[in-house]
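Engineer: So I've got this file, work.cif, and it contains mmCIF, C-alpha atoms:
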data_input
#
loop_
_atom_site.label_atom_id
_atom_site.label_comp_id
_atom_site.auth_asym_id
_atom_site.auth_seq_id
_atom_site.Cartn_x
_atom_site.Cartn_y
_atom_site.Cartn_z
CA MET K 6 16.49 6.41 17.96
CA SER K 7 16.58 2.84 19.29
CA PRO K 8 19.42 0.39 18.52
CA ASP K 9 16.92 -1.69 16.48
CA THR K 10 16.13 1.27 14.29
CA THR K 11 19.74 2.23 13.75
CA ARG K 12 20.50 -1.31 12.68
CA ARG K 13 17.58 -1.30 10.27
CA ILE K 14 18.69 1.89 8.53
CA GLY K 15 22.16 0.40 8.00
CA VAL K 16 20.62 -2.72 6.52
CA VAL K 17 18.40 -0.82 4.14
CA THR K 18 21.38 1.14 2.82
CA ASN K 19 23.28 -2.06 2.07
CA ILE K 20 20.34 -3.61 0.28
CA LEU K 21 19.85 -0.49 -1.85
CA ALA K 22 23.52 -0.39 -2.85
CA ALA K 23 23.46 -4.07 -3.82
CA ASN K 24 20.23 -3.49 -5.74
CA ASP K 25 21.66 -0.56 -7.69
CA ARG K 26 24.52 -2.65 -9.06
CA VAL K 27 22.10 -5.24 -10.45
CA ALA K 28 19.83 -2.46 -11.76
CA GLU K 29 22.75 -1.14 -13.83
CA GLU K 30 23.24 -4.60 -15.36
CA ASN K 31 19.53 -4.74 -16.21
CA ARG K 32 19.72 -1.26 -17.75
CA ARG K 33 22.57 -2.33 -20.05
CA ARG K 34 20.62 -5.47 -21.03
CA PHE K 35 17.53 -3.40 -21.91
CA ALA K 36 19.62 -0.89 -23.93
CA LYS K 37 21.23 -3.71 -25.91
CA ALA K 38 17.76 -5.11 -26.72
CA GLY K 39 16.37 -1.64 -27.55
CA VAL K 40 13.38 -2.36 -25.32
CA CYS K 41 11.61 0.34 -23.32
CA VAL K 42 10.84 -0.69 -19.73
CA VAL K 43 8.05 1.02 -17.75
CA ASN K 44 7.60 0.24 -14.04
CA LEU K 45 4.06 0.82 -12.71
CA ILE K 46 3.77 1.56 -9.00
CA SER K 47 0.68 2.23 -6.87
CA SER K 48 -1.29 1.17 -3.81
CA PRO K 49 -3.27 -2.07 -4.02
CA GLY K 50 -6.35 -1.54 -6.16
CA ALA K 51 -5.40 1.72 -7.89
CA GLY K 52 -5.95 -0.04 -11.22
CA LYS K 53 -2.54 -1.14 -12.58
CA THR K 54 -3.78 -4.43 -14.05
CA THR K 55 -6.98 -2.90 -15.40
CA LEU K 56 -4.95 -0.17 -17.09
CA LEU K 57 -2.72 -2.79 -18.74
CA GLU K 58 -5.81 -4.74 -19.88
CA HIS K 59 -6.94 -1.61 -21.73
CA THR K 60 -3.48 -0.52 -22.91
CA ILE K 61 -2.17 -3.73 -24.48
CA PRO K 62 -4.99 -4.10 -27.09
CA ALA K 63 -4.41 -0.48 -28.14
CA LEU K 64 -0.72 -1.12 -28.90
CA ARG K 65 -1.05 -4.07 -31.29
CA ASP K 66 1.61 -2.64 -33.63
CA LEU K 67 4.20 -2.94 -30.81
CA ARG K 68 5.68 -6.11 -29.30
CA VAL K 69 4.65 -5.84 -25.64
CA GLY K 70 5.61 -8.03 -22.67
CA VAL K 71 4.74 -7.85 -18.97
CA ILE K 72 6.45 -8.81 -15.71
CA VAL K 73 3.93 -8.91 -12.86
CA GLY K 74 4.90 -8.77 -9.20
CA ASP K 75 2.60 -9.95 -6.44
CA ILE K 76 3.13 -11.35 -2.98
CA ALA K 77 0.73 -14.22 -3.68
CA THR K 78 -1.48 -15.53 -6.53
CA THR K 79 -1.03 -15.43 -10.31
CA ARG K 80 -4.35 -13.65 -10.85
CA ASP K 81 -2.92 -10.53 -12.47
CA ALA K 82 -0.73 -12.52 -14.86
CA GLU K 83 -3.76 -14.58 -15.87
CA ARG K 84 -5.79 -11.45 -16.60
CA ILE K 85 -2.98 -10.11 -18.81
CA ALA K 86 -2.11 -13.39 -20.55
CA VAL K 87 -5.63 -13.39 -22.04
CA HIS K 88 -4.36 -10.58 -24.29
CA ASP K 89 -1.85 -12.93 -25.89
CA VAL K 90 1.38 -11.24 -24.80
CA PRO K 91 4.33 -12.86 -22.97
CA VAL K 92 3.87 -12.57 -19.20
CA VAL K 93 6.09 -13.58 -16.30
CA GLN K 94 4.61 -13.61 -12.81
CA ILE K 95 6.92 -13.08 -9.85
CA THR K 96 5.32 -14.06 -6.56
CA THR K 97 7.44 -12.58 -3.82
CA GLU K 98 6.17 -15.12 -1.24
CA THR K 99 9.28 -17.14 -2.13
CA PHE K 100 11.42 -14.05 -1.47
CA GLY K 101 10.30 -13.64 2.14
CA GLY K 102 6.97 -12.00 1.22
CA SER K 103 8.78 -8.94 -0.07
CA CYS K 104 6.58 -5.88 -0.55
CA HIS K 105 8.38 -4.70 -3.71
CA LEU K 106 10.34 -5.98 -6.70
CA GLU K 107 14.13 -5.72 -6.67
CA ALA K 108 16.55 -5.57 -9.59
CA SER K 109 17.67 -9.16 -8.91
CA THR K 110 14.13 -10.52 -9.17
CA ILE K 111 13.75 -8.73 -12.53
CA ARG K 112 17.06 -10.21 -13.67
CA GLN K 113 15.72 -13.68 -12.89
CA ALA K 114 12.47 -12.96 -14.74
CA LEU K 115 14.52 -12.06 -17.85
CA ASP K 116 15.44 -15.74 -18.16
CA GLN K 117 11.79 -16.36 -18.98
CA ILE K 118 11.01 -13.49 -21.35
CA ASP K 119 12.86 -12.70 -24.59
CA VAL K 120 13.50 -8.96 -24.36
CA ASP K 121 15.34 -8.94 -27.71
CA ASN K 122 11.96 -9.49 -29.34
CA LEU K 123 10.09 -6.77 -27.43
CA ASP K 124 9.54 -3.05 -27.98
CA LEU K 125 7.92 -2.36 -24.62
CA LEU K 126 8.16 -4.25 -21.34
CA PHE K 127 5.80 -3.31 -18.51
CA VAL K 128 6.71 -4.14 -14.93
CA GLU K 129 3.63 -4.18 -12.72
CA ASN K 130 5.12 -3.79 -9.26
CA VAL K 131 3.71 -5.16 -5.99
CA GLY K 132 0.77 -3.03 -4.77
CA ASN K 133 2.50 -0.66 -2.37
CA LEU K 134 3.23 3.05 -2.66
CA VAL K 135 6.27 2.94 -0.39
CA CYS K 136 9.13 0.51 -1.08
CA PRO K 137 8.67 0.09 -4.86
CA ALA K 138 9.61 3.79 -5.11
CA GLU K 139 12.98 3.09 -3.46
CA PHE K 140 14.19 0.27 -5.70
CA ASP K 141 15.71 0.96 -9.12
CA LEU K 142 14.99 -2.00 -11.44
CA GLY K 143 16.98 -0.59 -14.37
CA GLU K 144 13.75 0.64 -15.98
CA HIS K 145 13.44 3.66 -18.29
CA ALA K 146 10.57 5.19 -16.35
CA LYS K 147 8.48 4.69 -13.26
CA VAL K 148 4.80 5.60 -13.55
CA ALA K 149 2.90 6.28 -10.31
CA LEU K 150 -0.84 5.53 -10.32
CA LEU K 151 -3.12 7.12 -7.76
CA SER K 152 -6.85 6.53 -7.74
CA VAL K 153 -9.23 9.35 -6.81
CA THR K 154 -10.77 7.06 -4.15
CA GLU K 155 -7.51 7.23 -2.15
CA GLY K 156 -7.90 10.88 -1.18
CA GLU K 157 -6.19 14.15 -2.09
CA ASP K 158 -3.41 13.91 0.51
CA LYS K 159 -1.49 10.92 -0.84
CA PRO K 160 1.24 12.82 -2.77
CA LEU K 161 2.14 14.63 0.49
CA LYS K 162 2.19 11.38 2.46
CA TYR K 163 4.06 9.25 -0.08
CA PRO K 164 6.23 11.94 -1.72
CA LEU K 165 9.02 9.68 -2.98
CA ALA K 166 6.73 7.79 -5.37
CA PHE K 167 5.85 11.07 -7.07
CA GLN K 168 9.43 12.37 -7.02
CA VAL K 169 11.05 9.36 -8.71
CA SER K 170 8.32 8.84 -11.32
CA SER K 171 8.31 10.22 -14.87
CA LEU K 172 4.52 10.32 -15.08
CA ALA K 173 1.59 10.33 -12.64
CA ILE K 174 -1.71 8.76 -13.61
CA ILE K 175 -4.74 9.87 -11.62
CA SER K 176 -7.02 6.89 -12.15
CA LYS K 177 -10.78 6.22 -11.80
CA VAL K 178 -11.64 9.89 -12.48
CA ASP K 179 -15.13 8.74 -13.59
CA LEU K 180 -15.85 8.18 -9.86
CA VAL K 181 -15.23 11.81 -8.81
CA PRO K 182 -18.96 12.77 -8.87
CA HIS K 183 -19.65 10.02 -6.29
CA LEU K 184 -16.90 10.99 -3.85
CA ARG K 185 -16.08 13.75 -1.42
CA PHE K 186 -13.01 14.52 -3.45
CA ASP K 187 -11.43 17.77 -4.63
CA LEU K 188 -9.45 17.17 -7.83
CA ASP K 189 -7.95 20.69 -7.71
CA LEU K 190 -6.61 19.98 -4.24
CA LEU K 191 -4.94 16.77 -5.47
CA ARG K 192 -3.42 18.73 -8.37
CA SER K 193 -2.02 21.34 -5.97
CA HIS K 194 -0.54 18.59 -3.75
CA LEU K 195 1.18 17.04 -6.77
CA ASP K 196 2.54 20.51 -7.60
CA ARG K 197 3.98 20.83 -4.10
CA VAL K 198 5.73 17.45 -4.23
CA ASN K 199 6.89 17.55 -7.85
CA PRO K 200 5.70 20.50 -9.96
CA LYS K 201 7.42 19.20 -13.12
CA LEU K 202 5.80 15.76 -13.04
CA PRO K 203 3.58 15.26 -16.12
CA ARG K 204 0.20 13.83 -15.19
CA VAL K 205 -2.73 12.19 -16.93
CA GLU K 206 -6.24 12.15 -15.47
CA LEU K 207 -7.59 8.87 -16.71
CA SER K 208 -10.57 6.55 -16.68
CA VAL K 209 -10.67 3.24 -18.51
CA GLU K 210 -14.49 3.42 -18.25
CA SER K 211 -14.91 6.78 -20.01
CA ARG K 212 -11.56 6.47 -21.88
CA GLN K 213 -10.67 9.98 -20.67
CA GLY K 214 -6.88 10.36 -20.84
CA MET K 215 -6.25 7.06 -22.66
CA ASP K 216 -4.93 8.71 -25.85
CA THR K 217 -2.55 10.89 -23.83
CA TRP K 218 -1.26 7.83 -21.97
CA LEU K 219 -0.80 5.82 -25.19
CA GLY K 220 0.97 8.76 -26.83
CA TRP K 221 3.32 9.10 -23.87
CA LEU K 222 4.15 5.38 -24.09
CA ARG K 223 4.90 5.62 -27.83
CA GLU K 224 7.31 8.49 -27.16
CA GLN K 225 9.12 6.39 -24.54
CA VAL K 226 9.39 3.45 -26.94
CA ALA K 227 10.79 5.68 -29.71
CA ALA K 228 13.35 7.17 -27.30
CA ALA K 229 14.49 3.73 -26.09
CA ARG K 230 15.04 2.54 -29.68
CA GLY K 231 17.54 5.39 -30.00
CA MET G 13 17.43 -17.34 -5.58
CA SER G 14 20.15 -14.72 -5.90
CA PRO G 15 22.71 -14.02 -3.15
CA ASP G 16 21.08 -10.59 -2.61
CA THR G 17 17.75 -12.20 -1.94
CA THR G 18 19.13 -14.78 0.46
CA ARG G 19 20.81 -12.02 2.41
CA ARG G 20 17.60 -10.04 2.56
CA ILE G 21 15.57 -12.93 3.97
CA GLY G 22 18.16 -13.43 6.71
CA VAL G 23 17.98 -9.77 7.59
CA VAL G 24 14.20 -9.74 7.77
CA THR G 25 14.21 -12.66 10.21
CA ASN G 26 16.60 -10.85 12.54
CA ILE G 27 14.53 -7.68 12.46
CA LEU G 28 11.34 -9.57 13.27
CA ALA G 29 12.95 -11.40 16.22
CA ALA G 30 14.28 -8.11 17.65
CA ASN G 31 10.85 -6.54 17.14
CA ASP G 32 9.04 -9.35 18.95
CA ARG G 33 11.08 -8.84 22.13
CA VAL G 34 10.12 -5.16 22.28
CA ALA G 35 6.51 -6.03 21.43
CA GLU G 36 6.39 -8.26 24.52
CA GLU G 37 7.58 -5.35 26.67
CA ASN G 38 4.87 -3.12 25.17
CA ARG G 39 2.25 -5.82 25.81
CA ARG G 40 3.20 -5.97 29.51
CA ARG G 41 3.07 -2.18 29.70
CA PHE G 42 -0.44 -2.12 28.19
CA ALA G 43 -1.65 -4.92 30.52
CA LYS G 44 -0.36 -3.03 33.56
CA ALA G 45 -2.26 0.09 32.43
CA GLY G 46 -5.41 -1.89 31.59
CA VAL G 47 -5.54 -0.16 28.21
CA CYS G 48 -6.84 -1.87 25.08
CA VAL G 49 -4.66 -1.30 21.99
CA VAL G 50 -6.11 -1.63 18.48
CA ASN G 51 -3.77 -1.47 15.46
CA LEU G 52 -5.46 -0.36 12.20
CA ILE G 53 -3.83 -1.53 8.98
CA SER G 54 -4.82 -0.89 5.36
CA SER G 55 -3.66 0.42 2.00
CA PRO G 56 -3.31 4.18 1.63
CA GLY G 57 -6.74 5.77 1.37
CA ALA G 58 -8.89 2.90 2.67
CA GLY G 59 -10.27 5.29 5.27
CA LYS G 60 -8.43 4.69 8.57
CA THR G 61 -8.33 8.35 9.61
CA THR G 62 -11.90 9.00 8.49
CA LEU G 63 -13.08 5.99 10.49
CA LEU G 64 -11.32 7.33 13.60
CA GLU G 65 -12.87 10.78 13.04
CA HIS G 66 -16.30 9.13 13.23
CA THR G 67 -15.43 6.63 15.98
CA ILE G 68 -13.89 8.93 18.60
CA PRO G 69 -16.97 11.20 19.06
CA ALA G 70 -19.13 8.07 19.53
CA LEU G 71 -16.98 6.83 22.44
CA ARG G 72 -17.06 9.93 24.66
CA ASP G 73 -17.54 7.77 27.78
CA LEU G 74 -14.13 6.15 27.17
CA ARG G 75 -10.69 7.72 27.47
CA VAL G 76 -9.29 7.34 23.96
CA GLY G 77 -5.80 8.10 22.60
CA VAL G 78 -4.24 7.70 19.16
CA ILE G 79 -0.76 6.99 17.81
CA VAL G 80 -0.57 7.83 14.11
CA GLY G 81 2.14 6.49 11.80
CA ASP G 82 2.98 8.14 8.48
CA ILE G 83 6.07 8.38 6.35
CA ALA G 84 5.67 12.14 6.04
CA THR G 85 3.32 14.93 7.21
CA THR G 86 1.32 15.34 10.40
CA ARG G 87 -1.98 15.70 8.53
CA ASP G 88 -3.69 12.66 10.05
CA ALA G 89 -2.72 13.63 13.59
CA GLU G 90 -4.09 17.13 12.99
CA ARG G 91 -7.40 15.71 11.75
CA ILE G 92 -7.70 13.58 14.89
CA ALA G 93 -6.49 16.18 17.40
CA VAL G 94 -9.54 18.29 16.49
CA HIS G 95 -11.56 15.72 18.48
CA ASP G 96 -9.73 16.66 21.66
CA VAL G 97 -7.99 13.36 22.40
CA PRO G 98 -4.25 12.85 23.04
CA VAL G 99 -2.45 12.13 19.74
CA VAL G 100 1.16 11.25 18.97
CA GLN G 101 2.34 11.37 15.37
CA ILE G 102 5.24 9.17 14.32
CA THR G 103 6.71 10.19 10.99
CA THR G 104 8.87 7.31 9.81
CA GLU G 105 10.93 9.58 7.53
CA THR G 106 13.35 9.83 10.44
CA PHE G 107 13.46 6.01 10.60
CA GLY G 108 14.72 5.57 7.03
CA GLY G 109 11.27 6.12 5.47
CA SER G 110 10.02 2.87 6.98
CA CYS G 111 6.79 1.56 5.45
CA HIS G 112 5.40 0.26 8.76
CA LEU G 113 5.51 0.87 12.51
CA GLU G 114 7.72 -1.32 14.69
CA ALA G 115 7.41 -2.15 18.37
CA SER G 116 10.36 0.11 19.19
CA THR G 117 8.73 3.14 17.55
CA ILE G 118 5.59 2.50 19.60
CA ARG G 119 7.72 2.22 22.75
CA GLN G 120 9.17 5.65 21.99
CA ALA G 121 5.71 7.11 21.41
CA LEU G 122 4.64 5.87 24.87
CA ASP G 123 6.95 8.51 26.37
CA GLN G 124 4.54 11.10 24.96
CA ILE G 125 1.16 9.57 25.82
CA ASP G 126 -0.03 8.58 29.29
CA VAL G 127 -1.46 5.08 28.77
CA ASP G 128 -2.31 4.74 32.48
CA ASN G 129 -5.08 7.27 31.86
CA LEU G 130 -6.51 5.62 28.75
CA ASP G 131 -9.12 2.92 28.13
CA LEU G 132 -8.48 2.56 24.42
CA LEU G 133 -5.41 3.38 22.34
CA PHE G 134 -5.67 3.28 18.56
CA VAL G 135 -2.57 2.82 16.46
CA GLU G 136 -3.12 4.03 12.92
CA ASN G 137 -0.36 2.26 11.01
CA VAL G 138 1.42 3.52 7.87
CA GLY G 139 -0.77 3.03 4.77
CA ASN G 140 0.48 -0.31 3.45
CA LEU G 141 -1.20 -3.70 3.40
CA VAL G 142 2.08 -5.63 3.45
CA CYS G 143 4.69 -4.96 6.15
CA PRO G 144 2.39 -3.67 8.92
CA ALA G 145 0.89 -7.19 8.97
CA GLU G 146 4.31 -8.68 9.81
CA PHE G 147 5.19 -6.53 12.82
CA ASP G 148 3.75 -7.23 16.27
CA LEU G 149 3.49 -3.97 18.23
CA GLY G 150 2.24 -5.62 21.42
CA GLU G 151 -1.34 -4.64 20.53
CA HIS G 152 -4.48 -6.56 21.57
CA ALA G 153 -5.90 -6.71 18.07
CA LYS G 154 -5.09 -5.79 14.52
CA VAL G 155 -8.00 -4.56 12.39
CA ALA G 156 -7.62 -4.75 8.60
CA LEU G 157 -9.53 -2.18 6.54
CA LEU G 158 -10.23 -2.80 2.87
CA SER G 159 -12.20 -0.37 0.77
CA VAL G 160 -14.58 -1.65 -1.90
CA THR G 161 -12.78 0.53 -4.46
CA GLU G 162 -9.68 -1.68 -4.14
CA GLY G 163 -11.24 -4.72 -5.84
CA GLU G 164 -12.42 -8.15 -4.74
CA ASP G 165 -9.06 -9.90 -5.08
CA LYS G 166 -7.11 -8.14 -2.32
CA PRO G 167 -7.58 -10.77 0.44
CA LEU G 168 -6.04 -13.37 -1.90
CA LYS G 169 -3.15 -11.08 -2.81
CA TYR G 170 -2.41 -9.81 0.70
CA PRO G 171 -3.43 -12.85 2.75
CA LEU G 172 -1.28 -12.17 5.82
CA ALA G 173 -3.12 -8.95 6.69
CA PHE G 174 -6.38 -10.91 6.88
CA GLN G 175 -4.84 -13.86 8.72
CA VAL G 176 -3.27 -11.88 11.57
CA SER G 177 -6.21 -9.53 12.09
CA SER G 178 -9.04 -9.98 14.60
CA LEU G 179 -11.55 -8.04 12.50
CA ALA G 180 -11.92 -7.00 8.87
CA ILE G 181 -13.70 -3.78 7.96
CA ILE G 182 -14.96 -3.52 4.40
CA SER G 183 -15.11 0.26 4.03
CA LYS G 184 -16.85 2.70 1.67
CA VAL G 185 -19.71 0.24 0.99
CA ASP G 186 -21.90 3.22 0.01
CA LEU G 187 -19.85 3.35 -3.23
CA VAL G 188 -20.74 -0.19 -4.38
CA PRO G 189 -23.56 0.97 -6.73
CA HIS G 190 -21.04 3.12 -8.63
CA LEU G 191 -18.41 0.40 -9.10
CA ARG G 192 -17.91 -2.78 -11.04
CA PHE G 193 -17.62 -4.64 -7.79
CA ASP G 194 -19.04 -7.95 -6.55
CA LEU G 195 -19.41 -7.87 -2.77
CA ASP G 196 -20.25 -11.60 -2.64
CA LEU G 197 -16.99 -12.37 -4.41
CA LEU G 198 -15.03 -10.33 -1.86
CA ARG G 199 -16.83 -12.20 0.95
CA SER G 200 -15.90 -15.56 -0.61
CA HIS G 201 -12.26 -14.46 -0.93
CA LEU G 202 -12.18 -13.50 2.74
CA ASP G 203 -13.64 -16.94 3.51
CA ARG G 204 -10.85 -18.62 1.57
CA VAL G 205 -8.09 -16.70 3.36
CA ASN G 206 -9.57 -16.69 6.86
CA PRO G 207 -13.09 -18.13 7.25
CA LYS G 208 -13.22 -17.32 10.98
CA LEU G 209 -12.39 -13.63 10.61
CA PRO G 210 -15.32 -11.47 11.82
CA ARG G 211 -16.10 -8.70 9.35
CA VAL G 212 -18.06 -5.48 9.30
CA GLU G 213 -19.34 -3.89 6.10
CA LEU G 214 -19.19 -0.22 6.88
CA SER G 215 -19.80 3.27 5.55
CA VAL G 216 -19.22 6.42 7.54
CA GLU G 217 -21.51 8.21 5.04
CA SER G 218 -24.56 5.98 5.55
CA ARG G 219 -23.45 4.85 9.05
CA GLN G 220 -24.02 1.23 7.96
CA GLY G 221 -22.00 -1.04 10.26
CA MET G 222 -20.97 1.72 12.68
CA ASP G 223 -22.89 0.26 15.65
CA THR G 224 -21.37 -3.17 15.05
CA TRP G 225 -17.88 -1.65 14.96
CA LEU G 226 -18.46 0.39 18.14
CA GLY G 227 -19.87 -2.67 19.91
CA TRP G 228 -16.86 -4.74 18.91
CA LEU G 229 -14.54 -2.03 20.29
CA ARG G 230 -16.40 -1.91 23.61
CA GLU G 231 -16.02 -5.69 23.97
CA GLN G 232 -12.26 -5.38 23.39
CA VAL G 233 -11.98 -2.61 26.00
CA ALA G 234 -13.93 -4.67 28.56
CA ALA G 235 -11.72 -7.72 27.93
CA ALA G 236 -8.50 -5.67 28.30
CA ARG G 237 -9.66 -4.30 31.67
CA GLY G 238 -9.85 -7.95 32.83
#
Just give me the structure of the file as structure tokens.
Structural biologist:
Amino acid sequence: MSPDTTRRIGVVTNILAANDRVAEENRRRFAKAGVCVVNLISSPGAGKTTLLEHTIPALRDLRVGVIVGDIATTRDAERIAVHDVPVVQITTETFGGSCHLEASTIRQALDQIDVDNLDLLFVENVGNLVCPAEFDLGEHAKVALLSVTEGEDKPLKYPLAFQVSSLAIISKVDLVPHLRFDLDLLRSHLDRVNPKLPRVELSVESRQGMDTWLGWLREQVAAARG
Amino acid sequence: MSPDTTRRIGVVTNILAANDRVAEENRRRFAKAGVCVVNLISSPGAGKTTLLEHTIPALRDLRVGVIVGDIATTRDAERIAVHDVPVVQITTETFGGSCHLEASTIRQALDQIDVDNLDLLFVENVGNLVCPAEFDLGEHAKVALLSVTEGEDKPLKYPLAFQVSSLAIISKVDLVPHLRFDLDLLRSHLDRVNPKLPRVELSVESRQGMDTWLGWLREQVAAARG
């Protein structure tokens, strides 16, 4: 192991410890407000924003808000704001182009969104299956999205994302007939990495899995209300 | 900006400066060997390994080697080794689960692959469109892959990857008829981020774009020989 690498591992440990302290503060803030916080993580293009566009209109009886993380652009926030819910966009360009959200960036976003008047707050993390899995934001649950176009091997290659999440969503399942893709093989890889992880096979096009996903969200909201 | 964030930006700068020194050493090593080094970067599942599986058999007149980066598993290296070329797998789990390759990890890999007997060395980076764009490995060219299933907006959201690359490959174009996807819109987004970036629209299924890609590679190899 090179000196550079050793130094980097030390650095990452310090950052994670600092992050965890702020995450605890966020967690207490969310508990006080009785708001359920769900952190969506995936590769770029797995369908996080599209899923939210289809989820928010189906939860009109709940007060929903969204924090969106991106390196650049406010495109995702604009797509979500159309649905008339409070949205805060974090562009991490101003944080050194960071490839993930940290607890401290969430804390700052809370200045701009009134969590006391929300039942459910989504955090749409930066598109990246690696670092977002490492950073606790103080959320109630992480949800890992994986699209069928990404291949069956991704749970084995990015195990942490599927080990720290409370739910896996296999997205774009309507595309399976057009792909060289073995859904059973993906299922067995998820079993190897985290056999207890609940999963939903979902398509916003066919609506397959949408009711299961919405039901899961309602359970989380009820649990967070206490 | 929080104190945590300020600290992180400082840290990232130091890491990049340390990386660049090692990258220069690698670059001199590659020049001495007359080997051309091409660094493939993309999101998970954009098709880097599949592209190499189709590229290597088409370049039998060249001496090709591959360095594969992954967080976990040796699956990609195994897929490539079938084609009877020297392969080194770097699993970054042992480097703190790093989400990208650094120059120093490449330098270590060079102990296990004889670059003096190669014409072309591919580096298949960790699946991530963010950090791999920031780290110089001493390569001749970065190539950014983007699959059509990821959506038209990705060049705007991950601009650096398309600004530091010498070629963009738009992969899986055979799937366009099955997607809500506007190829012209993707082209215009690439123009906005980097109008001079050459691009190849490619499918290993239909072989569209394969000859252009192979021709581009042969030009790079000829230029590296000097």
Engineer: If you apply the PyMOL selection byres ((chain G and resi 102-116) around 6) to this file, what residues do you get, as a PyMOL selection string?
Structural biologist: (chain K and resi 14) or (chain G and resi 31+34-35+80-84+101+117-119+138+143-144+149)
Engineer: Go ahead and write the selection's residues with C-alpha atoms as a PDB file, keeping the file's coordinate frame.
Structural biologist:
ATOM      1  CA  ILE K  14      18.690   1.890   8.530  1.00  0.00           C
TER       2      ILE K  14
ATOM      3  CA  ASN G  31      10.850  -6.540  17.140  1.00  0.00           C
ATOM      4  CA  VAL G  34      10.120  -5.160  22.280  1.00  0.00           C
ATOM      5  CA  ALA G  35       6.510  -6.030  21.430  1.00  0.00           C
ATOM      6  CA  VAL G  80      -0.570   7.830  14.110  1.00  0.00           C
ATOM      7  CA  GLY G  81       2.140   6.490  11.800  1.00  0.00           C
ATOM      8  CA  ASP G  82       2.980   8.140   8.480  1.00  0.00           C
ATOM      9  CA  ILE G  83       6.070   8.380   6.350  1.00  0.00           C
ATOM     10  CA  ALA G  84       5.670  12.140   6.040  1.00  0.00           C
ATOM     11  CA  GLN G 101       2.340  11.370  15.370  1.00  0.00           C
ATOM     12  CA  THR G 117       8.730   3.140  17.550  1.00  0.00           C
ATOM     13  CA  ILE G 118       5.590   2.500  19.600  1.00  0.00           C
ATOM     14  CA  ARG G 119       7.720   2.220  22.750  1.00  0.00           C
ATOM     15  CA  VAL G 138       1.420   3.520   7.870  1.00  0.00           C
ATOM     16  CA  CYS G 143       4.690  -4.960   6.150  1.00  0.00           C
ATOM     17  CA  PRO G 144       2.390  -3.670   8.920  1.00  0.00           C
ATOM     18  CA  LEU G 149       3.490  -3.970  18.230  1.00  0.00           C
TER      19      LEU G 149
END
Engineer: For the structure provided, state which residues fall under the PyMOL selection byres ((chain K and resi 170-175) around 6), and present them as a PyMOL selection string.
Structural biologist: chain K and resi 146-152+167-169+176+202-207
Engineer: Expand the PyMOL selection byres ((chain G and resi 163-168) around 7) into the explicit residue set it covers here, and present it as JSON, numbers by chain.
Structural biologist: {"K": [50, 78], "G": [160, 161, 162, 169, 170, 171, 174, 193, 194, 197, 198, 201, 202, 205]}
Engineer: Which polymer residues have any atom within 12 Å of an atom of G:Arg39, counting all atoms listed in the file, with same-chain residues fewer than 3 positions away left out, as a PyMOL selection string?
Structural biologist: chain G and resi 32-36+42-50+115+118-119+122+127+148-153+236
Engineer: Name the residues, using the chain letters and numbers of the file, that sit within 12 Å of (-6.5, -3.7, -22.9) when counting only C-alpha atoms, and give them as a VMD selection string.
Structural biologist: chain K and resid 53 to 65 69 84 to 90 209 to 210 212 215 219
Engineer: For chain G, which residue out of K:Leu165, K:Ile118, K:Leu125, K:Leu45 is the nearest one, using only C-alpha atoms?
Structural biologist: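 Selected residue with least distance to chain G: K:Leu165.
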